[in-house]
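What's in target.cif: mmCIF, C-alpha atoms
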data_final
#
loop_
_atom_site.label_atom_id
_atom_site.label_comp_id
_atom_site.auth_asym_id
_atom_site.auth_seq_id
_atom_site.Cartn_x
_atom_site.Cartn_y
_atom_site.Cartn_z
CA MET A 1 -11.61 34.76 -21.36
CA ASP A 2 -8.49 35.59 -23.26
CA LEU A 3 -6.34 32.63 -24.09
CA GLU A 4 -2.58 32.88 -24.10
CA LEU A 5 -1.75 29.96 -26.33
CA SER A 6 1.65 29.17 -27.70
CA ASP A 7 1.90 28.65 -31.45
CA SER A 8 1.89 24.88 -31.20
CA LEU A 9 -1.02 24.78 -28.73
CA LYS A 10 -2.98 27.22 -30.88
CA LYS A 11 -2.55 24.82 -33.77
CA VAL A 12 -3.86 22.01 -31.57
CA VAL A 13 -6.91 23.92 -30.39
CA ASP A 14 -7.71 25.19 -33.88
CA GLY A 15 -7.31 21.70 -35.29
CA LEU A 16 -9.60 20.21 -32.66
CA SER A 17 -12.31 22.83 -33.04
CA SER A 18 -12.36 22.52 -36.82
CA ASP A 19 -11.96 18.74 -37.21
CA PHE A 20 -14.25 17.88 -34.28
CA SER A 21 -16.50 20.93 -34.30
CA ASP A 22 -19.55 19.04 -33.01
CA LYS A 23 -17.58 17.24 -30.28
CA PHE A 24 -15.58 20.17 -29.02
CA ILE A 25 -17.14 21.88 -25.98
CA GLU A 26 -14.73 24.40 -24.54
CA VAL A 27 -11.11 25.40 -24.04
CA TYR A 28 -9.81 27.33 -21.04
CA GLN A 29 -6.61 28.02 -19.17
CA SER A 30 -5.86 27.82 -15.49
CA SER A 31 -2.56 28.15 -13.61
CA GLY A 32 -0.67 28.17 -16.88
CA ASP A 33 -2.17 24.93 -18.16
CA THR A 34 -4.53 24.46 -21.06
CA PHE A 35 -7.69 22.40 -20.71
CA VAL A 36 -9.88 21.11 -23.49
CA ARG A 37 -13.30 19.63 -22.82
CA VAL A 38 -14.82 17.31 -25.40
CA GLU A 39 -17.75 14.95 -25.76
CA ALA A 40 -17.15 11.54 -24.24
CA ASP A 41 -18.35 9.53 -27.24
CA ALA A 42 -15.55 10.86 -29.48
CA ILE A 43 -12.67 10.37 -27.06
CA VAL A 44 -10.91 7.63 -29.02
CA GLN A 45 -10.95 9.57 -32.31
CA ILE A 46 -9.80 12.75 -30.58
CA CYS A 47 -6.99 10.96 -28.75
CA ARG A 48 -5.89 9.29 -31.97
CA TYR A 49 -5.92 12.64 -33.72
CA LEU A 50 -3.89 14.27 -30.93
CA LYS A 51 -1.35 11.48 -31.00
CA ASN A 52 -0.96 11.06 -34.75
CA GLU A 53 -1.49 14.61 -36.02
CA GLN A 54 -0.44 16.78 -33.08
CA HIS A 55 2.38 14.64 -31.72
CA PHE A 56 1.07 14.12 -28.20
CA ILE A 57 2.86 10.80 -28.01
CA TYR A 58 3.04 10.57 -24.23
CA LEU A 59 0.06 9.94 -21.96
CA THR A 60 1.46 11.00 -18.61
CA ASP A 61 -1.51 10.33 -16.43
CA MET A 62 -5.23 9.85 -16.26
CA LEU A 63 -7.36 11.23 -13.49
CA GLY A 64 -10.86 10.57 -12.32
CA THR A 65 -12.98 13.08 -10.45
CA ASP A 66 -16.21 12.79 -8.55
CA ARG A 67 -17.71 16.25 -8.99
CA PHE A 68 -20.73 15.22 -6.88
CA THR A 69 -23.11 17.13 -9.10
CA SER A 70 -26.54 15.93 -10.16
CA GLU A 71 -25.57 16.01 -13.83
CA GLU A 72 -22.39 14.75 -15.43
CA ARG A 73 -21.06 13.64 -12.10
CA PHE A 74 -17.80 12.00 -13.13
CA GLU A 75 -14.94 13.57 -15.01
CA ILE A 76 -12.00 11.83 -16.66
CA ILE A 77 -8.92 13.92 -17.33
CA TYR A 78 -6.23 12.86 -19.79
CA ASN A 79 -2.85 14.45 -19.17
CA LEU A 80 -0.96 14.58 -22.46
CA VAL A 81 2.58 15.69 -23.22
CA SER A 82 4.20 16.50 -26.51
CA LEU A 83 7.91 16.00 -26.07
CA ARG A 84 8.70 17.59 -29.43
CA ASP A 85 6.75 20.81 -28.78
CA ARG A 86 7.29 20.80 -25.02
CA GLU A 87 3.59 21.22 -24.41
CA HIS A 88 1.10 19.94 -21.87
CA LEU A 89 -2.54 19.44 -22.72
CA PHE A 90 -5.35 18.29 -20.47
CA VAL A 91 -8.35 16.70 -22.17
CA LYS A 92 -11.49 16.37 -20.08
CA VAL A 93 -14.67 14.41 -20.59
CA ARG A 94 -17.71 14.25 -18.33
CA LEU A 95 -19.83 11.20 -17.66
CA PRO A 96 -23.26 10.73 -16.09
CA GLU A 97 -23.81 9.26 -12.65
CA GLU A 98 -25.94 6.43 -14.01
CA ASP A 99 -23.72 3.71 -15.49
CA PRO A 100 -20.66 5.82 -16.39
CA THR A 101 -19.09 4.16 -19.42
CA ILE A 102 -16.50 5.34 -21.90
CA GLN A 103 -14.43 3.77 -24.66
CA SER A 104 -10.97 2.66 -23.62
CA ILE A 105 -8.03 4.45 -25.21
CA THR A 106 -5.63 1.54 -24.76
CA ASP A 107 -5.50 1.18 -28.55
CA VAL A 108 -3.98 4.65 -28.75
CA TRP A 109 -1.68 4.65 -25.73
CA LYS A 110 -0.96 1.28 -24.21
CA SER A 111 0.04 2.95 -20.94
CA ALA A 112 -3.63 3.68 -20.31
CA THR A 113 -4.20 0.04 -19.33
CA TRP A 114 -3.38 0.43 -15.66
CA LEU A 115 -4.58 4.02 -15.47
CA GLU A 116 -8.05 3.02 -16.63
CA ARG A 117 -8.11 0.09 -14.28
CA GLU A 118 -7.24 2.41 -11.42
CA ILE A 119 -10.05 4.82 -12.30
CA PHE A 120 -12.48 1.90 -12.49
CA ASP A 121 -11.26 0.67 -9.11
CA MET A 122 -11.74 4.01 -7.40
CA PHE A 123 -14.76 5.49 -9.21
CA GLY A 124 -16.51 2.63 -10.97
CA VAL A 125 -16.21 4.16 -14.43
CA LYS A 126 -16.31 1.35 -16.98
CA PHE A 127 -13.97 1.33 -19.94
CA GLU A 128 -15.14 -0.60 -22.98
CA ASN A 129 -12.76 -2.64 -25.16
CA HIS A 130 -10.15 -2.72 -22.42
CA PRO A 131 -7.83 -5.75 -22.84
CA ASP A 132 -7.64 -6.70 -19.14
CA PHE A 133 -10.45 -5.05 -17.25
CA ARG A 134 -10.12 -5.80 -13.54
CA ARG A 135 -9.76 -3.92 -10.30
CA MET A 136 -6.33 -2.50 -9.59
CA TYR A 137 -5.84 -2.18 -5.81
CA MET A 138 -8.94 -3.38 -4.03
CA PRO A 139 -9.85 -7.08 -3.81
CA GLU A 140 -11.73 -8.53 -6.77
CA ASP A 141 -14.85 -9.21 -4.70
CA PHE A 142 -15.00 -5.71 -3.23
CA ASP A 143 -18.39 -4.17 -3.96
CA TYR A 144 -17.69 -0.44 -3.53
CA TYR A 145 -15.77 2.36 -5.20
CA PRO A 146 -13.74 4.05 -2.45
CA LEU A 147 -13.08 7.48 -3.96
CA ARG A 148 -16.74 8.21 -4.59
CA LYS A 149 -17.88 10.97 -2.31
CA GLU A 150 -20.57 8.95 -0.58
CA PHE A 151 -18.09 6.24 0.47
CA PRO A 152 -17.19 6.59 4.18
CA LEU A 153 -13.55 7.35 4.93
CA LEU A 154 -13.08 4.33 7.17
CA GLY A 155 -14.75 2.00 4.70
CA ILE A 156 -17.69 -0.31 5.20
CA PRO A 157 -17.09 -2.58 8.20
CA GLY A 158 -16.67 -6.19 7.17
CA SER A 159 -16.55 -5.43 3.46
CA ILE A 160 -12.95 -6.67 3.19
CA GLU A 161 -12.04 -9.95 4.78
CA LEU A 162 -9.35 -10.23 7.43
CA PRO A 163 -7.33 -13.45 7.67
CA SER A 164 -8.62 -16.21 9.88
CA THR A 165 -6.97 -16.20 13.30
CA THR A 166 -7.74 -19.87 13.89
CA PRO A 167 -6.17 -21.48 10.81
CA ASP A 168 -6.30 -24.99 12.26
CA THR A 169 -10.08 -25.04 12.03
CA GLU A 170 -10.20 -24.19 8.34
CA MET B 1 39.77 -24.45 27.65
CA GLY B 2 36.19 -23.28 27.46
CA ILE B 3 33.82 -22.79 30.31
CA GLU B 4 34.84 -26.04 32.01
CA SER B 5 38.14 -24.60 33.19
CA SER B 6 36.50 -21.79 35.12
CA LEU B 7 33.86 -24.07 36.62
CA GLY B 8 36.42 -26.35 38.23
CA ASP B 9 35.32 -29.76 39.36
CA GLY B 10 31.94 -28.71 40.68
CA TYR B 11 28.57 -28.77 39.03
CA LEU B 12 25.63 -26.43 38.51
CA THR B 13 22.03 -27.00 39.39
CA THR B 14 19.21 -25.20 37.63
CA LYS B 15 15.67 -25.70 36.48
CA ILE B 16 14.90 -26.84 32.96
CA ASP B 17 12.53 -23.89 32.72
CA ALA B 18 15.25 -21.43 33.61
CA LEU B 19 17.69 -22.99 31.23
CA THR B 20 15.20 -23.06 28.36
CA ASN B 21 14.05 -19.51 29.00
CA TRP B 22 17.63 -18.31 29.26
CA ALA B 23 18.41 -19.85 25.90
CA ARG B 24 15.22 -18.68 24.24
CA SER B 25 15.33 -15.14 25.54
CA ASN B 26 18.91 -14.61 24.37
CA ALA B 27 18.34 -15.96 20.89
CA ALA B 28 15.09 -14.36 19.77
CA TRP B 29 15.65 -14.24 16.05
CA PRO B 30 13.49 -11.64 14.35
CA MET B 31 11.29 -12.14 11.32
CA PRO B 32 11.54 -8.68 9.76
CA MET B 33 8.15 -7.74 8.37
CA GLY B 34 9.25 -4.41 6.94
CA LEU B 35 6.25 -2.75 5.32
CA ALA B 36 7.05 0.96 5.44
CA CYS B 37 9.45 3.56 6.84
CA CYS B 38 9.65 1.78 10.22
CA ALA B 39 11.70 -0.85 8.41
CA ILE B 40 14.51 1.70 8.02
CA GLU B 41 14.63 2.12 11.80
CA MET B 42 14.48 -1.65 12.15
CA MET B 43 17.61 -1.89 9.99
CA ALA B 44 19.34 0.60 12.29
CA PHE B 45 18.22 -1.57 15.21
CA ALA B 46 19.98 -4.54 13.65
CA GLY B 47 23.01 -2.58 12.51
CA PRO B 48 26.26 -1.97 14.42
CA LYS B 49 25.30 1.31 16.11
CA TYR B 50 22.30 0.10 18.07
CA ASP B 51 23.41 -3.49 17.73
CA ALA B 52 20.63 -5.95 18.40
CA ALA B 53 23.39 -8.58 18.59
CA ARG B 54 23.89 -7.57 22.23
CA PHE B 55 20.53 -9.21 22.90
CA GLY B 56 21.07 -12.18 20.63
CA SER B 57 18.70 -10.87 17.98
CA GLU B 58 21.14 -10.00 15.24
CA VAL B 59 20.06 -12.80 12.94
CA MET B 60 17.31 -11.38 10.76
CA ARG B 61 15.75 -14.51 9.35
CA PHE B 62 13.90 -14.05 6.11
CA SER B 63 12.52 -17.53 6.50
CA PRO B 64 9.63 -17.80 8.95
CA ARG B 65 10.69 -21.34 9.83
CA GLN B 66 13.82 -20.07 11.54
CA SER B 67 12.50 -17.04 13.40
CA ASP B 68 10.98 -16.39 16.81
CA VAL B 69 9.90 -12.74 16.89
CA MET B 70 7.91 -11.11 14.14
CA ILE B 71 8.50 -7.37 13.96
CA VAL B 72 5.59 -5.83 12.06
CA ALA B 73 7.20 -2.57 10.96
CA GLY B 74 4.76 -0.39 9.07
CA TRP B 75 1.15 -0.09 8.06
CA VAL B 76 -0.74 -3.20 7.09
CA ASN B 77 -3.37 -3.11 4.39
CA TYR B 78 -6.09 -5.68 4.02
CA LYS B 79 -4.47 -7.40 1.07
CA MET B 80 -1.13 -7.71 2.89
CA SER B 81 -2.73 -8.93 6.11
CA HIS B 82 -3.37 -12.36 4.57
CA ALA B 83 0.31 -12.74 3.65
CA ILE B 84 1.42 -11.65 7.11
CA ARG B 85 -0.94 -14.04 8.84
CA ARG B 86 0.29 -16.85 6.61
CA ILE B 87 3.92 -16.11 7.49
CA TRP B 88 2.95 -15.93 11.16
CA ASP B 89 1.29 -19.33 10.91
CA GLN B 90 4.44 -20.72 9.31
CA MET B 91 6.62 -19.64 12.23
CA PRO B 92 7.23 -22.48 14.68
CA ASP B 93 6.12 -22.14 18.29
CA PRO B 94 7.08 -20.52 20.59
CA LYS B 95 6.79 -17.16 18.84
CA TRP B 96 6.27 -13.55 19.76
CA CYS B 97 5.17 -10.44 17.94
CA ILE B 98 6.15 -6.77 18.11
CA ALA B 99 3.88 -4.14 16.57
CA MET B 100 6.37 -1.44 15.72
CA GLY B 101 5.15 2.12 15.38
CA ALA B 102 1.81 3.87 15.36
CA CYS B 103 0.61 2.30 12.11
CA ALA B 104 1.19 -1.31 13.05
CA SER B 105 -0.28 -0.69 16.50
CA THR B 106 -3.42 1.30 15.62
CA GLY B 107 -3.43 2.16 11.95
CA GLY B 108 -1.80 5.46 12.81
CA MET B 109 -2.32 8.26 10.37
CA HIS B 110 -3.65 5.81 7.78
CA ARG B 111 -7.20 6.12 8.98
CA CYS B 112 -8.84 4.87 5.82
CA TYR B 113 -10.69 2.02 4.19
CA GLY B 114 -7.69 0.05 2.90
CA VAL B 115 -5.55 -0.15 6.03
CA VAL B 116 -6.12 -2.53 8.94
CA GLN B 117 -6.49 -0.38 12.04
CA GLY B 118 -3.82 -2.17 14.03
CA CYS B 119 -2.23 -5.52 13.24
CA ASP B 120 -3.62 -6.92 16.52
CA ASN B 121 -6.83 -7.44 14.54
CA PHE B 122 -5.32 -10.65 13.21
CA LEU B 123 -2.07 -11.21 15.16
CA PRO B 124 -1.46 -11.84 18.88
CA VAL B 125 0.81 -8.88 19.62
CA ASP B 126 3.09 -9.05 22.66
CA ALA B 127 4.70 -5.62 22.57
CA TYR B 128 3.58 -2.33 21.06
CA VAL B 129 6.08 0.41 20.24
CA SER B 130 4.88 3.99 20.03
CA GLY B 131 6.39 6.52 17.67
CA CYS B 132 6.24 7.45 14.03
CA PRO B 133 8.66 5.94 13.37
CA PRO B 134 10.04 4.80 16.74
CA ARG B 135 13.72 5.23 17.36
CA PRO B 136 15.80 2.04 17.26
CA ASP B 137 16.24 2.28 21.04
CA ALA B 138 12.48 2.02 21.43
CA LEU B 139 12.52 -1.18 19.42
CA LEU B 140 15.37 -2.47 21.58
CA HIS B 141 13.21 -1.68 24.59
CA ALA B 142 10.37 -3.71 23.11
CA LEU B 143 12.77 -6.55 22.48
CA MET B 144 13.92 -6.40 26.12
CA LYS B 145 10.28 -6.49 27.22
CA ILE B 146 9.82 -9.61 25.12
CA GLN B 147 12.91 -11.09 26.77
CA ASP B 148 11.41 -10.34 30.19
CA LYS B 149 8.23 -12.03 29.09
CA ILE B 150 10.08 -15.10 27.87
CA ARG B 151 11.99 -15.37 31.15
CA THR B 152 8.80 -15.49 33.20
CA GLU B 153 7.12 -18.11 31.05
CA HIS B 154 6.65 -21.71 32.08
CA SER B 155 8.34 -23.37 29.14
CA VAL B 156 8.35 -26.97 30.28
CA LYS B 157 5.10 -28.60 31.23
CA LEU B 158 5.23 -31.17 34.01
CA ASP B 159 2.91 -34.14 34.11
CA THR B 160 1.91 -34.43 37.72
#
Could you quickly redo this structure as structure tokens?
Amino acid sequence: MDLELSDSLKKVVDGLSSDFSDKFIEVYQSSGDTFVRVEADAIVQICRYLKNEQHFIYLTDMLGTDRFTSEERFEIIYNLVSLRDREHLFVKVRLPEEDPTIQSITDVWKSATWLEREIFDMFGVKFENHPDFRRMYMPEDFDYYPLRKEFPLLGIPGSIELPSTTPDTE
Amino acid sequence: MGIESSLGDGYLTTKIDALTNWARSNAAWPMPMGLACCAIEMMAFAGPKYDAARFGSEVMRFSPRQSDVMIVAGWVNYKMSHAIRRIWDQMPDPKWCIAMGACASTGGMHRCYGVVQGCDNFLPVDAYVSGCPPRPDALLHALMKIQDKIRTEHSVKLDT
């Protein structure tokens, strides 16, 4: 596929593929956006490189995806913005179904704290070296990960407690 | 001066029940539990155009200790349900509850794992209002239904 990269993005992609040649998997474009897929074990180094060398100082968002495939089921997508170059870059990593774990990037962008907690809450992906690793929305004692494909839409009956309607007997 | 002048020298007879219910039904102060867009319509209900003051319900009390009617306006998630139930338990008796809108009544379009499918799962609801969101007149109608209910209650127990 032919890539239509701007000068600054071409520099980013070339830099990634030469500096991280064994961790770099693919680059492609879709709907005018550029996506880079890398190995999950090098995510912190790659993010640090993108921030310090390529000026992607702004982590806009982080997404989790349940691809529901037998291999590499979960995908984490980092949505990066370079305000100086006016560029968007999406970095993707894939994780296995069994015990999906990845290094936290909170050392690089502090804003990832809540984003990683949210992905853990919804998909059960664990982030190592996270400063405050808890659930985000669901109760602490909730046992499931709601955005996984096998989770029923209406939830598991009785899995979240309702308040007692006879408070005097407590 | 005052009502005495128009009453003359006579006197009125009534039942304690009727007097209590008359007073209660015309001073049902709402506890606004605004959780979503229904709360905007609830504000219109309290504001000058629809004017809940005509029914004695203009005083939105943000303290549960001073309110009589809880208006659950919006969708209730499981985490919030505990706070709502706590506020409900803090309201002094007698108290009434309006489930305003589709979400508070049934869960509405939020048919998912995090939202309680109707606040009657943990609250004794007296009046349900349909609509998404209901117009302020619909909420006034629910309030009038609550007033009707109050007026037919036996408020004073007699030891016989």
(message) Quick check: residues of chain A within 10 Å of chain B, all atoms listed in the file, returned as a PyMOL selection string.
(response) chain A and resi 137-139+146+151-157+159-168
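Between CA of Gly158 (chain A) and CA of Thr101 (chain A) there is a distance of 28.6 Å.
Put simply, CA of Ser6 (chain A) is 29.6 Å away from CA of Ser104 (chain A).
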(message) Report, in Å with one decimal, the straight-line distance from CA of Ser6 (chain B) to CA of Asp148 (chain B).
(response)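 Computing the Euclidean distance for CA of Ser6 (chain B) and CA of Asp148 (chain B) yields 28.0 Å.
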(request) Write out as a list in words each polymer residue whose atoms come within 12 Å of Asp7 (chain A), counting only C-alpha atoms; drop sequence neighbours fewer than 6 positions from it. (result) Val13, Asp14, Asp85, Arg86 and Glu87 of chain A
(message) Under the PyMOL selection byres ((chain B and resi 75) around 9), which residues of this model are included? Write them out as a PyMOL selection string.
(response) chain B and resi 35-36+38+72-74+76-77+101-108+110+115-119
Given the file shown, enumerate the residues that the PyMOL selection byres ((chain A and resi 54) around 12) captures and present them as a PDB file with C-alpha atoms, in the coordinates of the input.
ATOM      1  CA  SER A   8       1.890  24.880 -31.200  1.00  0.00           C
ATOM      2  CA  LEU A   9      -1.020  24.780 -28.730  1.00  0.00           C
ATOM      3  CA  LYS A  10      -2.980  27.220 -30.880  1.00  0.00           C
ATOM      4  CA  LYS A  11      -2.550  24.820 -33.770  1.00  0.00           C
ATOM      5  CA  VAL A  12      -3.860  22.010 -31.570  1.00  0.00           C
ATOM      6  CA  VAL A  13      -6.910  23.920 -30.390  1.00  0.00           C
ATOM      7  CA  ASP A  14      -7.710  25.190 -33.880  1.00  0.00           C
ATOM      8  CA  GLY A  15      -7.310  21.700 -35.290  1.00  0.00           C
ATOM      9  CA  LEU A  16      -9.600  20.210 -32.660  1.00  0.00           C
ATOM     10  CA  ILE A  46      -9.800  12.750 -30.580  1.00  0.00           C
ATOM     11  CA  CYS A  47      -6.990  10.960 -28.750  1.00  0.00           C
ATOM     12  CA  ARG A  48      -5.890   9.290 -31.970  1.00  0.00           C
ATOM     13  CA  TYR A  49      -5.920  12.640 -33.720  1.00  0.00           C
ATOM     14  CA  LEU A  50      -3.890  14.270 -30.930  1.00  0.00           C
ATOM     15  CA  LYS A  51      -1.350  11.480 -31.000  1.00  0.00           C
ATOM     16  CA  ASN A  52      -0.960  11.060 -34.750  1.00  0.00           C
ATOM     17  CA  GLU A  53      -1.490  14.610 -36.020  1.00  0.00           C
ATOM     18  CA  HIS A  55       2.380  14.640 -31.720  1.00  0.00           C
ATOM     19  CA  PHE A  56       1.070  14.120 -28.200  1.00  0.00           C
ATOM     20  CA  ILE A  57       2.860  10.800 -28.010  1.00  0.00           C
ATOM     21  CA  TYR A  58       3.040  10.570 -24.230  1.00  0.00           C
ATOM     22  CA  LEU A  80      -0.960  14.580 -22.460  1.00  0.00           C
ATOM     23  CA  VAL A  81       2.580  15.690 -23.220  1.00  0.00           C
ATOM     24  CA  SER A  82       4.200  16.500 -26.510  1.00  0.00           C
ATOM     25  CA  LEU A  83       7.910  16.000 -26.070  1.00  0.00           C
ATOM     26  CA  ARG A  84       8.700  17.590 -29.430  1.00  0.00           C
ATOM     27  CA  ASP A  85       6.750  20.810 -28.780  1.00  0.00           C
ATOM     28  CA  ARG A  86       7.290  20.800 -25.020  1.00  0.00           C
ATOM     29  CA  GLU A  87       3.590  21.220 -24.410  1.00  0.00           C
ATOM     30  CA  HIS A  88       1.100  19.940 -21.870  1.00  0.00           C
ATOM     31  CA  LEU A  89      -2.540  19.440 -22.720  1.00  0.00           C
TER      32      LEU A  89
END
(request) Any chance you could resolve the PyMOL selection byres ((chain A and resi 20) around 10) against this file and give the residues as a ChimeraX atom specification? (result) /A:14-19,21-25,38-39,42,45-46,49
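Neighbours of Lys149 (chain A) closer than or equal to 7 Å, with only C-alpha atoms counted and sequence neighbours fewer than 2 positions away skipped, come out as Asp66, Phe68, Leu147 and Phe151 of chain A.
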(request) Give me the residues within 8 Å of region 17-30 of chain B as a PyMOL selection string, counting all atoms listed in the file and dropping any in the same chain fewer than 6 places off. (result) chain B and resi 55-61+66-71+146-148+150-156
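When only C-alpha atoms are used to measure the gap to Arg134 (chain A), the shortest distance among A:Arg117, A:Leu59, A:Arg37, A:Arg148 belongs to A:Arg117.
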(message) Nearest residue to Ile43 (chain A) out of A:Glu140, A:Asp107, A:Asp132, A:Glu150, using only C-alpha atoms?
(response) A:Asp107
